[in-house]
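Below is one structure, written out as structure tokens, with a few remarks after it.
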Amino acid sequence: MFGKKKHRKKRNSLPETKTVQKNMSLKITLDDATILSFGNAQHQGKRPYQEDSFGFSSLDNKELLNSKGVLAVLADGMGGLSNGKAVSSTVVSSMLEYFNNPDTVCQSSQQLLWLTERINEEVCRKFCPDGQIKAGSTVVSALVHKGFLHWLCIGDSRIYLKRKDMLYQLNEDHDYLNSLLEDAFRGRTSYEDAFCDPQKDVLVSCIGNSELPEADYSIDGLELEKGDVIALCSDGIYNAITKETFKDLLSDDAQASAQRIEKEVLRQNFQNQDNLTIIVISVN
């Protein structure tokens with residue numbers, strides 16, 4: 001199921017990625033004196049396979065950090081289709097490989113969109129050659145450069161910003177529920193029917209669809225402030241805990257935040273707990 005288009009909005013080696021060690025936030029200082037701390041956590045939940053993928057651009061290449069900043073990418077392979085892990089891995093590795101290449105330019109959300117469209121074409125050629133969606137993935141990416149946050153999302157993975165004890169979801173979920181809620185707002189259906197619709201969680205846009213009906217991205221970027229905390233997560237996180245709990249568990253200790261959220265999700269002990277992945281970036 002796919003909705004109307006809204007706001008469109010040379011390989012050498014695998015990219016370098018870093019997974020932060022447990023109980024330790026990795027910190028870097030950019031040339032504008034911004035100090036960023038990084039954390040992450042991932043768990044298979046109660047699913048038979050881990051189909052989430054994530055990674056960071058090179059965090060120890062000073063030239064890259066000063067010229068392009070930092071890119072974090074998270075992709076959630078669609079479990080209802082085949083090759084979910086392969087597609088999510090392709091999305092993450094391809095984005096980071098391009099970004100880490102010193103000969104490429106990627107300094108805005110529009111460039112992230114262009115790159116994502118090229119990666120989507122690659123995924124469609126490799127996994128969906130007959131035009132049918134046989135493999136898919138969400139993607140959420142965050143680029144921190146020159147004191148600004150640029151982001152791009154396709155699907156229902158999310159990016160949040162915590163600022164001054166308020167938590168903001170920056171992107172819109174690309175699921176059928178949002179279309180149903182628009183119909184409810186216009187009086188064409190009821191809100192009760194919208195939330196009870198059995199198709200409400202079906203994605204209307206994802207990597208693996210040849211036309212990418214919807215893509216959310218920041219037009220000009222968001223100027224970051226000291227104390228901001230950025231969180232990227234798959235739906236296995238936000239479907240398991242409340243927004244208030246999510247907010248309370250985020251702090252400027254990025255790795256501790258990621259581990260607290262993972263622990264709280266698993267503590268719920270849901271029978272069908274989905275794969276869960278979270279990236280946390282704090283601005284100090």
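Scheme for the structure tokens: letters A, B, ... for chains in order shown; per-chain residue numbers from 1; ligand numbers from 1 in order shown.
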Point to revise | All residues 7 Å or closer to Leu96 in chain A, only C-alpha atoms, same chain fewer than 3 positions away omitted, as an MDAnalysis selection string | key: chainID A and resid 15 57 92:93 99:100
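The environment of Leu249 in chain A within 9 Å, counting only C-alpha atoms and disregarding residues fewer than 4 places along the same chain, consists of A:Glu244, A:Thr245, A:Ala256, A:Ser257, A:Ala258, A:Arg260, A:Ile261, A:Glu264.
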Practice item. Fewer than 4 positions away in the same chain doesn't count, so skip those; otherwise give me all residues within 7 Å of His150 in chain A, counting only C-alpha atoms, as number ranges by chain. Key: A: 108-109, 142-144, 218, 221-222
Check your understanding: For Leu180 in chain A, which of A:Ala194, A:Leu250, A:Ile241, A:Leu65 is the closest residue, counting only C-alpha atoms?
Key ->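 Nearest to Leu180 in chain A: A:Ala194.
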If we count only C-alpha atoms and set the cut-off at 12 Å, which residues sit around Asp220 in chain A, ignoring sequence neighbours fewer than 5 positions away in its own chain? Please answer as a PDB file with all heavy atoms, in the first residue's frame.
```pdb
ATOM      1  N   LYS A   9      10.274  15.591   0.167  1.00  0.00           N
ATOM      2  CA  LYS A   9      11.214  16.287   0.975  1.00  0.00           C
ATOM      3  C   LYS A   9      12.600  15.609   0.539  1.00  0.00           C
ATOM      4  O   LYS A   9      12.549  14.643   0.090  1.00  0.00           O
ATOM      5  CB  LYS A   9      11.063  16.070   2.440  1.00  0.00           C
ATOM      6  CG  LYS A   9       9.686  16.303   2.943  1.00  0.00           C
ATOM      7  CD  LYS A   9       9.600  16.679   4.278  1.00  0.00           C
ATOM      8  CE  LYS A   9       8.607  17.216   4.995  1.00  0.00           C
ATOM      9  NZ  LYS A   9       8.246  17.843   5.715  1.00  0.00           N
ATOM     10  N   GLN A 107      26.253  17.564   2.813  1.00  0.00           N
ATOM     11  CA  GLN A 107      26.234  18.527   3.907  1.00  0.00           C
ATOM     12  C   GLN A 107      24.829  19.076   4.185  1.00  0.00           C
ATOM     13  O   GLN A 107      24.684  20.045   4.918  1.00  0.00           O
ATOM     14  CB  GLN A 107      27.179  19.691   3.600  1.00  0.00           C
ATOM     15  CG  GLN A 107      28.640  19.259   3.457  1.00  0.00           C
ATOM     16  CD  GLN A 107      29.559  20.407   3.088  1.00  0.00           C
ATOM     17  OE1 GLN A 107      29.129  21.410   2.541  1.00  0.00           O
ATOM     18  NE2 GLN A 107      30.838  20.256   3.401  1.00  0.00           N
ATOM     19  N   SER A 108      23.808  18.457   3.625  1.00  0.00           N
ATOM     20  CA  SER A 108      22.447  18.958   3.824  1.00  0.00           C
ATOM     21  C   SER A 108      21.449  17.809   3.697  1.00  0.00           C
ATOM     22  O   SER A 108      21.777  16.731   3.194  1.00  0.00           O
ATOM     23  CB  SER A 108      22.111  20.035   2.789  1.00  0.00           C
ATOM     24  OG  SER A 108      21.979  19.454   1.500  1.00  0.00           O
ATOM     25  N   SER A 109      20.216  18.079   4.124  1.00  0.00           N
ATOM     26  CA  SER A 109      19.170  17.062   4.024  1.00  0.00           C
ATOM     27  C   SER A 109      18.797  16.780   2.579  1.00  0.00           C
ATOM     28  O   SER A 109      18.445  15.650   2.225  1.00  0.00           O
ATOM     29  CB  SER A 109      17.937  17.517   4.798  1.00  0.00           C
ATOM     30  OG  SER A 109      18.255  17.694   6.161  1.00  0.00           O
ATOM     31  N   GLN A 110      18.874  17.804   1.724  1.00  0.00           N
ATOM     32  CA  GLN A 110      18.566  17.589   0.311  1.00  0.00           C
ATOM     33  C   GLN A 110      19.565  16.617  -0.308  1.00  0.00           C
ATOM     34  O   GLN A 110      19.196  15.778  -1.144  1.00  0.00           O
ATOM     35  CB  GLN A 110      18.574  18.920  -0.435  1.00  0.00           C
ATOM     36  CG  GLN A 110      17.370  19.801  -0.121  1.00  0.00           C
ATOM     37  CD  GLN A 110      17.594  20.698   1.087  1.00  0.00           C
ATOM     38  OE1 GLN A 110      18.516  20.479   1.864  1.00  0.00           O
ATOM     39  NE2 GLN A 110      16.764  21.715   1.239  1.00  0.00           N
ATOM     40  N   GLN A 111      20.833  16.722   0.109  1.00  0.00           N
ATOM     41  CA  GLN A 111      21.830  15.784  -0.392  1.00  0.00           C
ATOM     42  C   GLN A 111      21.612  14.390   0.187  1.00  0.00           C
ATOM     43  O   GLN A 111      21.843  13.385  -0.490  1.00  0.00           O
ATOM     44  CB  GLN A 111      23.227  16.314  -0.085  1.00  0.00           C
ATOM     45  CG  GLN A 111      23.584  17.528  -0.939  1.00  0.00           C
ATOM     46  CD  GLN A 111      24.786  18.293  -0.418  1.00  0.00           C
ATOM     47  OE1 GLN A 111      25.098  18.291   0.767  1.00  0.00           O
ATOM     48  NE2 GLN A 111      25.473  18.972  -1.324  1.00  0.00           N
ATOM     49  N   HIS A 145      26.310  19.019  11.442  1.00  0.00           N
ATOM     50  CA  HIS A 145      27.349  19.729  10.697  1.00  0.00           C
ATOM     51  C   HIS A 145      27.245  21.218  10.975  1.00  0.00           C
ATOM     52  O   HIS A 145      26.171  21.814  10.841  1.00  0.00           O
ATOM     53  CB  HIS A 145      27.186  19.462   9.195  1.00  0.00           C
ATOM     54  CG  HIS A 145      28.195  20.151   8.336  1.00  0.00           C
ATOM     55  ND1 HIS A 145      29.551  19.910   8.436  1.00  0.00           N
ATOM     56  CD2 HIS A 145      28.059  21.094   7.357  1.00  0.00           C
ATOM     57  CE1 HIS A 145      30.191  20.651   7.549  1.00  0.00           C
ATOM     58  NE2 HIS A 145      29.307  21.384   6.901  1.00  0.00           N
ATOM     59  N   PHE A 148      24.383  22.493  13.148  1.00  0.00           N
ATOM     60  CA  PHE A 148      23.011  22.247  12.714  1.00  0.00           C
ATOM     61  C   PHE A 148      22.748  20.743  12.606  1.00  0.00           C
ATOM     62  O   PHE A 148      23.651  19.958  12.308  1.00  0.00           O
ATOM     63  CB  PHE A 148      22.736  22.894  11.361  1.00  0.00           C
ATOM     64  CG  PHE A 148      22.483  24.380  11.432  1.00  0.00           C
ATOM     65  CD1 PHE A 148      23.543  25.270  11.548  1.00  0.00           C
ATOM     66  CD2 PHE A 148      21.185  24.875  11.398  1.00  0.00           C
ATOM     67  CE1 PHE A 148      23.312  26.642  11.620  1.00  0.00           C
ATOM     68  CE2 PHE A 148      20.947  26.242  11.479  1.00  0.00           C
ATOM     69  CZ  PHE A 148      22.006  27.126  11.580  1.00  0.00           C
ATOM     70  N   LEU A 149      21.493  20.378  12.845  1.00  0.00           N
ATOM     71  CA  LEU A 149      21.031  19.010  12.638  1.00  0.00           C
ATOM     72  C   LEU A 149      20.235  18.954  11.349  1.00  0.00           C
ATOM     73  O   LEU A 149      19.263  19.685  11.166  1.00  0.00           O
ATOM     74  CB  LEU A 149      20.143  18.568  13.807  1.00  0.00           C
ATOM     75  CG  LEU A 149      19.354  17.265  13.603  1.00  0.00           C
ATOM     76  CD1 LEU A 149      20.294  16.072  13.479  1.00  0.00           C
ATOM     77  CD2 LEU A 149      18.351  17.061  14.753  1.00  0.00           C
ATOM     78  N   HIS A 150      20.660  18.093  10.430  1.00  0.00           N
ATOM     79  CA  HIS A 150      19.926  17.809   9.198  1.00  0.00           C
ATOM     80  C   HIS A 150      19.477  16.353   9.283  1.00  0.00           C
ATOM     81  O   HIS A 150      20.259  15.483   9.673  1.00  0.00           O
ATOM     82  CB  HIS A 150      20.817  18.008   7.970  1.00  0.00           C
ATOM     83  CG  HIS A 150      21.474  19.346   7.913  1.00  0.00           C
ATOM     84  ND1 HIS A 150      20.887  20.451   7.331  1.00  0.00           N
ATOM     85  CD2 HIS A 150      22.683  19.762   8.390  1.00  0.00           C
ATOM     86  CE1 HIS A 150      21.696  21.486   7.433  1.00  0.00           C
ATOM     87  NE2 HIS A 150      22.783  21.106   8.070  1.00  0.00           N
ATOM     88  N   TRP A 151      18.238  16.067   8.913  1.00  0.00           N
ATOM     89  CA  TRP A 151      17.757  14.708   9.052  1.00  0.00           C
ATOM     90  C   TRP A 151      16.864  14.314   7.882  1.00  0.00           C
ATOM     91  O   TRP A 151      16.301  15.166   7.195  1.00  0.00           O
ATOM     92  CB  TRP A 151      16.993  14.525  10.365  1.00  0.00           C
ATOM     93  CG  TRP A 151      15.905  15.532  10.609  1.00  0.00           C
ATOM     94  CD1 TRP A 151      16.000  16.691  11.318  1.00  0.00           C
ATOM     95  CD2 TRP A 151      14.554  15.470  10.139  1.00  0.00           C
ATOM     96  NE1 TRP A 151      14.801  17.356  11.316  1.00  0.00           N
ATOM     97  CE2 TRP A 151      13.894  16.636  10.604  1.00  0.00           C
ATOM     98  CE3 TRP A 151      13.840  14.546   9.368  1.00  0.00           C
ATOM     99  CZ2 TRP A 151      12.558  16.897  10.317  1.00  0.00           C
ATOM    100  CZ3 TRP A 151      12.508  14.809   9.085  1.00  0.00           C
ATOM    101  CH2 TRP A 151      11.887  15.969   9.570  1.00  0.00           C
ATOM    102  N   LEU A 152      16.756  13.005   7.687  1.00  0.00           N
ATOM    103  CA  LEU A 152      15.889  12.442   6.653  1.00  0.00           C
ATOM    104  C   LEU A 152      15.306  11.133   7.160  1.00  0.00           C
ATOM    105  O   LEU A 152      16.016  10.334   7.774  1.00  0.00           O
ATOM    106  CB  LEU A 152      16.662  12.201   5.365  1.00  0.00           C
ATOM    107  CG  LEU A 152      15.839  11.531   4.251  1.00  0.00           C
ATOM    108  CD1 LEU A 152      16.109  12.173   2.898  1.00  0.00           C
ATOM    109  CD2 LEU A 152      16.131  10.026   4.181  1.00  0.00           C
TER     110      LEU A 152
END
```
Exercise for review: Step one, run DSSP on the backbone; step two, keep only residues of range 56-257 of chain A assigned to strand (DSSP E); then write them as a PyMOL selection string.
Suggested key: chain A and resi 56+70-76+139-145+148-154+158-163+166-169+216-217+222-223+229-233
Write a file of the just-selected residues containing C-alpha atoms, as a compact mmCIF listing (two decimals), in the first residue's frame.
```txt
# COMPACT_ATOMS: atom_id res chain seq x y z
CA PHE A 56 28.09 6.03 12.38
CA VAL A 70 28.92 13.29 11.62
CA LEU A 71 26.29 11.03 10.05
CA ALA A 72 24.27 8.46 12.00
CA VAL A 73 22.03 6.00 10.13
CA LEU A 74 19.45 3.47 11.35
CA ALA A 75 17.41 1.13 9.15
CA ASP A 76 14.72 -1.36 10.11
CA VAL A 139 15.69 4.57 7.15
CA VAL A 140 16.31 7.47 9.51
CA SER A 141 19.52 9.47 9.24
CA ALA A 142 20.89 12.41 11.20
CA LEU A 143 23.70 14.68 10.00
CA VAL A 144 25.31 17.07 12.50
CA HIS A 145 27.35 19.73 10.70
CA PHE A 148 23.01 22.25 12.71
CA LEU A 149 21.03 19.01 12.64
CA HIS A 150 19.93 17.81 9.20
CA TRP A 151 17.76 14.71 9.05
CA LEU A 152 15.89 12.44 6.65
CA CYS A 153 13.33 9.70 7.36
CA ILE A 154 11.43 7.19 5.24
CA ARG A 158 11.83 7.96 14.21
CA ILE A 159 14.09 10.84 15.14
CA TYR A 160 13.49 12.73 18.38
CA LEU A 161 14.97 15.87 19.87
CA LYS A 162 14.99 16.44 23.62
CA ARG A 163 15.39 20.11 24.49
CA MET A 166 10.60 18.57 26.20
CA LEU A 167 10.68 15.70 23.69
CA TYR A 168 9.82 16.42 20.06
CA GLN A 169 9.29 13.88 17.28
CA ASP A 216 10.49 13.64 5.45
CA TYR A 217 13.54 15.84 5.73
CA LEU A 222 17.79 22.80 12.92
CA GLU A 223 20.28 24.87 14.89
CA VAL A 229 19.82 15.19 22.91
CA ILE A 230 19.07 13.52 19.56
CA ALA A 231 17.64 10.00 19.44
CA LEU A 232 17.09 7.75 16.42
CA CYS A 233 15.13 4.56 16.99
```
Check your understanding: Would you give me, as a ChimeraX atom specification, the residues in range 86-171 of chain A that DSSP reads as helix (DSSP H, G or I)?
Key -> /A:86-100,109-127
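From CA of Val280 in chain A back to CA of Thr90 in chain A, the distance works out to 21.7 Å.
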